[in-house]
Amino acid sequence: MMYSEYPITDATDVIRQRRTDRRWVTQALELLTAEAGRSGWTPLIPFHAPDLREIDIYLKDESLHPTGSLKHRLARSLFTHGLCNGDIGPQTTIVEASSGSTAVSEAYFAQILGLDFIAVIPAATSREKIALIERHGGQVLMVDDPADVVRTAQKVTVQRGGHFMDQFTFASQATNWREGNIASELFHQMRREKHPVPEWIVVGAGTGGTSTSIARYARFTGLATRIAVVDPEGSAFYEGWRRNDISYVTSTPSRIEGIGRTRVERSFVPNLIDEVLPVPDAASIATMRWASRIIGRRVGASTGTNIWGTLQLVQRLGTSRRTGSIVSLICDTGDRYSSTYYNDEWLAAQNIDIAPFERTLEDFTSTGVLRAA
Ligand SMILES: Cc1ncc(COP(=O)(O)O)c(C=O)c1O
């Protein structure tokens, strides 16, 4: 084709469209900044486990975000990244693969920006989370095998011509780990405590993004705090970290919603993690119920995983006669799991027996010593 024959009008349309989109992107980013201002910081609360003597435990309460979980931060970061990267415009359909919490938060942000949102989630996702996604105007697509969520989301994205958020790849890239993140908040909040620099920060890994961001921030700011990841049954993170093999895979998906993956996701960086603690599912659920009674409201199972791991590290510090603090997270509220982890019939159907761990925790309550279940 000769230069003079190029379809100038089409090109002009594209350029005009880009200019309109750019104005919309500026407004969209302003809406996200306004939302961040309204949401503010989450509180860091002391966790008064019995008889702990010299070791102070704190929980950063991420359940208090407007969408009820730590994924509120990630969703805002992924939208910000997508907007600034030119991936999201005023007509873009947003697609995500999620075990539920990220989808709830992304549905909320998509609604703020007036965008269509499709969540691809495992069929076993709690019905409370599905209701929340739909309440924020999101559309839900269920797949039987949790290992298929990413593949299905990619297909849907192509069919709909949308944008795949792909939290598992982009969580650690989209998050600003240098400032204004969960780590900068929590270290700031610890400043006036008895032991301001925590010995450990204990978190679970779904994408791995939270652990990666906190570990990067600790390195960046020269803090000696170590990062422990707690990992549920069926997850690949523990073995992947232990063998230093990011290609390690498992075949049974995690039953603790939000954490544990059958492969080592790209946002999980083994080199940054000082310790990975495997946690039995029954321990996560028993600890979730025990901790809920201490805190005075229901927390989710991954918070139980966090607190079980925290208690292991408390024991370790105690036996080496060290004092200090440990910080972990309340990841989401237990209201999302009344039909599952808080339901004894569901536990029986899953063949999960929490009784031995309940006895261990009762014993810990009276003695301050955590014996093997
Ligand atoms: C409900 C829930 N979702 C996700 C995660 C993991 O976060 P990330 O995806 O940043 O690894 C957690 C961590 O504990 C969680 O409890």
# chains A, B, ... in the order shown; residues from 1 in each chain; ligands from 1

call {"tool": "residues_around", "arguments": {"residues": "stretch 143-147 of chain A", "least_positions_apart": "5", "cutoff": "9 Å", "atoms": "only C-alpha atoms", "output": "MDAnalysis selection string"}}
result
chainID A and resid 99 120:124 152 251 253 261:262

call {"tool": "write_last_selection", "arguments": {"atoms": "C-alpha atoms", "output": "PDB file, in the first residue's frame"}}
result
ATOM      1  CA  SER A  99     -10.078 -18.319  45.449  1.00  0.00           C
ATOM      2  CA  VAL A 120     -13.247 -17.251  37.798  1.00  0.00           C
ATOM      3  CA  ILE A 121     -13.313 -19.157  41.089  1.00  0.00           C
ATOM      4  CA  PRO A 122     -13.243 -22.786  42.299  1.00  0.00           C
ATOM      5  CA  ALA A 123     -16.726 -24.286  42.725  1.00  0.00           C
ATOM      6  CA  ALA A 124     -15.890 -25.008  46.387  1.00  0.00           C
ATOM      7  CA  THR A 152     -10.163 -20.598  32.312  1.00  0.00           C
ATOM      8  CA  SER A 251      -1.632 -32.453  43.044  1.00  0.00           C
ATOM      9  CA  PRO A 253      -5.313 -28.188  46.260  1.00  0.00           C
ATOM     10  CA  ARG A 261      -1.121 -23.288  45.862  1.00  0.00           C
ATOM     11  CA  THR A 262      -0.322 -26.431  43.892  1.00  0.00           C
TER      12      THR A 262
END

call {"tool": "residues_around", "arguments": {"residues": "A:Pro280", "least_positions_apart": "3", "cutoff": "7 Å", "atoms": "only C-alpha atoms", "output": "list in words"}}
result
Pro232, Glu233, Ala283 and Ser284 of chain A

call {"tool": "write_last_selection", "arguments": {"atoms": "N, CA, C and O atoms", "output": "tab-separated table (two decimals), in the first residue's frame"}}
result
chain	number	residue	atom	x	y	z
A	232	PRO	N	-0.31	-24.37	54.20
A	232	PRO	CA	-1.27	-25.44	54.52
A	232	PRO	C	-0.96	-26.74	53.77
A	232	PRO	O	-0.12	-26.76	52.87
A	233	GLU	N	-1.71	-27.79	54.12
A	233	GLU	CA	-1.56	-29.09	53.44
A	233	GLU	C	-1.83	-28.92	51.94
A	233	GLU	O	-2.69	-28.14	51.55
A	283	ALA	N	-5.02	-28.02	62.44
A	283	ALA	CA	-4.41	-27.03	63.35
A	283	ALA	C	-4.89	-25.62	62.99
A	283	ALA	O	-5.21	-24.80	63.86
A	284	SER	N	-4.96	-25.33	61.69
A	284	SER	CA	-5.42	-23.99	61.25
A	284	SER	C	-6.84	-23.74	61.76
A	284	SER	O	-7.14	-22.65	62.28

call {"tool": "select_by_dssp", "arguments": {"residues": "stretch 81-155 of chain A", "states": "strand (DSSP E)", "output": "list in words"}}
result
Ile94, Val95, Glu96, Ala97, Phe117, Ile118, Ala119, Val120, Ile121, Pro122, Gln139, Val140, Leu141, Met142 and Val143 of chain A

call {"tool": "atom_distance", "arguments": {"atom1": "atom CA of A:Thr221", "atom2": "atom CA of A:Ile273"}}
result
16.2 Å

call {"tool": "closest_residue", "arguments": {"among": "A:Leu347, A:Ala103, A:Ile330, A:Leu317", "to": "A:Arg53", "atoms": "only C-alpha atoms"}}
result
A:Leu317

call {"tool": "closest_atom_pairs", "arguments": {"of": "chain A", "to": "ligand 1", "cutoff": "10 Å", "atoms": "only C-alpha atoms and all ligand atoms", "output": "Markdown table"}}
result
| residue | atom | partner | partner_atom_place_in_ligand_line | distance |
| --- | --- | --- | --- | --- |
| A:Glu62 | CA | ligand 1 | 16 (O) | 9.2 |
| A:Ser63 | CA | ligand 1 | 1 (C) | 9.2 |
| A:Gly68 | CA | ligand 1 | 1 (C) | 9.3 |
| A:Ser69 | CA | ligand 1 | 1 (C) | 6.4 |
| A:Leu70 | CA | ligand 1 | 3 (N) | 6.7 |
| A:Lys71 | CA | ligand 1 | 3 (N) | 6.4 |
| A:His72 | CA | ligand 1 | 3 (N) | 10.0 |
| A:Arg73 | CA | ligand 1 | 10 (O) | 9.3 |
| A:Leu74 | CA | ligand 1 | 10 (O) | 7.4 |
| A:Ser98 | CA | ligand 1 | 3 (N) | 9.2 |
| A:Ser99 | CA | ligand 1 | 3 (N) | 7.9 |
| A:Gly100 | CA | ligand 1 | 1 (C) | 8.1 |
| A:Ser101 | CA | ligand 1 | 1 (C) | 5.9 |
| A:Thr102 | CA | ligand 1 | 3 (N) | 7.2 |
| A:Gln167 | CA | ligand 1 | 9 (O) | 7.7 |
| A:Phe168 | CA | ligand 1 | 9 (O) | 7.3 |
| A:Ala171 | CA | ligand 1 | 10 (O) | 7.0 |
| A:Ser172 | CA | ligand 1 | 10 (O) | 8.1 |
| A:Thr175 | CA | ligand 1 | 10 (O) | 9.8 |
| A:Val202 | CA | ligand 1 | 14 (O) | 8.8 |
| A:Val203 | CA | ligand 1 | 14 (O) | 5.3 |
| A:Gly204 | CA | ligand 1 | 14 (O) | 3.7 |
| A:Ala205 | CA | ligand 1 | 11 (O) | 3.4 |
| A:Gly206 | CA | ligand 1 | 11 (O) | 3.6 |
| A:Thr207 | CA | ligand 1 | 9 (O) | 3.6 |
| A:Gly208 | CA | ligand 1 | 11 (O) | 3.3 |
| A:Gly209 | CA | ligand 1 | 10 (O) | 3.9 |
| A:Thr210 | CA | ligand 1 | 10 (O) | 3.6 |
| A:Ser211 | CA | ligand 1 | 11 (O) | 6.3 |
| A:Thr212 | CA | ligand 1 | 10 (O) | 7.9 |
| A:Ser213 | CA | ligand 1 | 10 (O) | 8.4 |
| A:Ile214 | CA | ligand 1 | 10 (O) | 9.8 |
| A:Val229 | CA | ligand 1 | 14 (O) | 8.7 |
| A:Val230 | CA | ligand 1 | 14 (O) | 8.2 |
| A:Asp231 | CA | ligand 1 | 14 (O) | 9.2 |
| A:Ile256 | CA | ligand 1 | 16 (O) | 8.3 |
| A:Glu257 | CA | ligand 1 | 1 (C) | 6.0 |
| A:Gly258 | CA | ligand 1 | 3 (N) | 3.5 |
| A:Ile259 | CA | ligand 1 | 5 (C) | 5.1 |
| A:Gly260 | CA | ligand 1 | 6 (C) | 8.2 |
| A:Arg261 | CA | ligand 1 | 11 (O) | 9.7 |
| A:Glu265 | CA | ligand 1 | 11 (O) | 9.1 |
| A:Ser267 | CA | ligand 1 | 11 (O) | 7.8 |
| A:Phe268 | CA | ligand 1 | 11 (O) | 7.3 |
| A:Val299 | CA | ligand 1 | 16 (O) | 9.8 |
| A:Gly300 | CA | ligand 1 | 1 (C) | 7.2 |
| A:Ala301 | CA | ligand 1 | 16 (O) | 7.4 |
| A:Ser302 | CA | ligand 1 | 16 (O) | 4.4 |
| A:Thr303 | CA | ligand 1 | 16 (O) | 6.1 |
| A:Gly304 | CA | ligand 1 | 16 (O) | 9.1 |
| A:Thr305 | CA | ligand 1 | 14 (O) | 7.9 |
| A:Asn306 | CA | ligand 1 | 14 (O) | 7.0 |
| A:Ser328 | CA | ligand 1 | 14 (O) | 9.1 |
| A:Leu329 | CA | ligand 1 | 14 (O) | 7.1 |
| A:Ile330 | CA | ligand 1 | 16 (O) | 7.5 |
| A:Cys331 | CA | ligand 1 | 16 (O) | 4.3 |
| A:Asp332 | CA | ligand 1 | 1 (C) | 5.6 |
| A:Thr333 | CA | ligand 1 | 1 (C) | 8.7 |
| A:Arg336 | CA | ligand 1 | 1 (C) | 9.9 |

call {"tool": "closest_residue", "arguments": {"among": "A:Leu272, A:Val104, A:Leu311, A:Ala49", "to": "A:Arg371", "atoms": "only C-alpha atoms"}}
result
A:Leu311

call {"tool": "residues_around", "arguments": {"residues": "A:Gly296", "least_positions_apart": "6", "cutoff": "12 Å", "atoms": "only C-alpha atoms", "output": "NGL selection string"}}
result
:A and (47-48 or 288-290 or 333-334)

call {"tool": "residues_around", "arguments": {"residues": "A:Ala36", "least_positions_apart": "2", "cutoff": "12 Å", "atoms": "only C-alpha atoms", "output": "list in words"}}
result
Leu29, Glu30, Leu31, Leu32, Thr33, Ala34, Arg38, Ser39, Gly40, Trp41, Thr42, His65, Pro66, His72, Arg73, Leu74, Ala75, Arg76, Ser77, Thr80, Phe109, Gly180 and Asn181 of chain A

call {"tool": "residues_around", "arguments": {"residues": "A:Arg23", "least_positions_apart": "4", "cutoff": "10 Å", "atoms": "only C-alpha atoms", "output": "PyMOL selection string"}}
result
chain A and resi 18-19+27-28+89-90
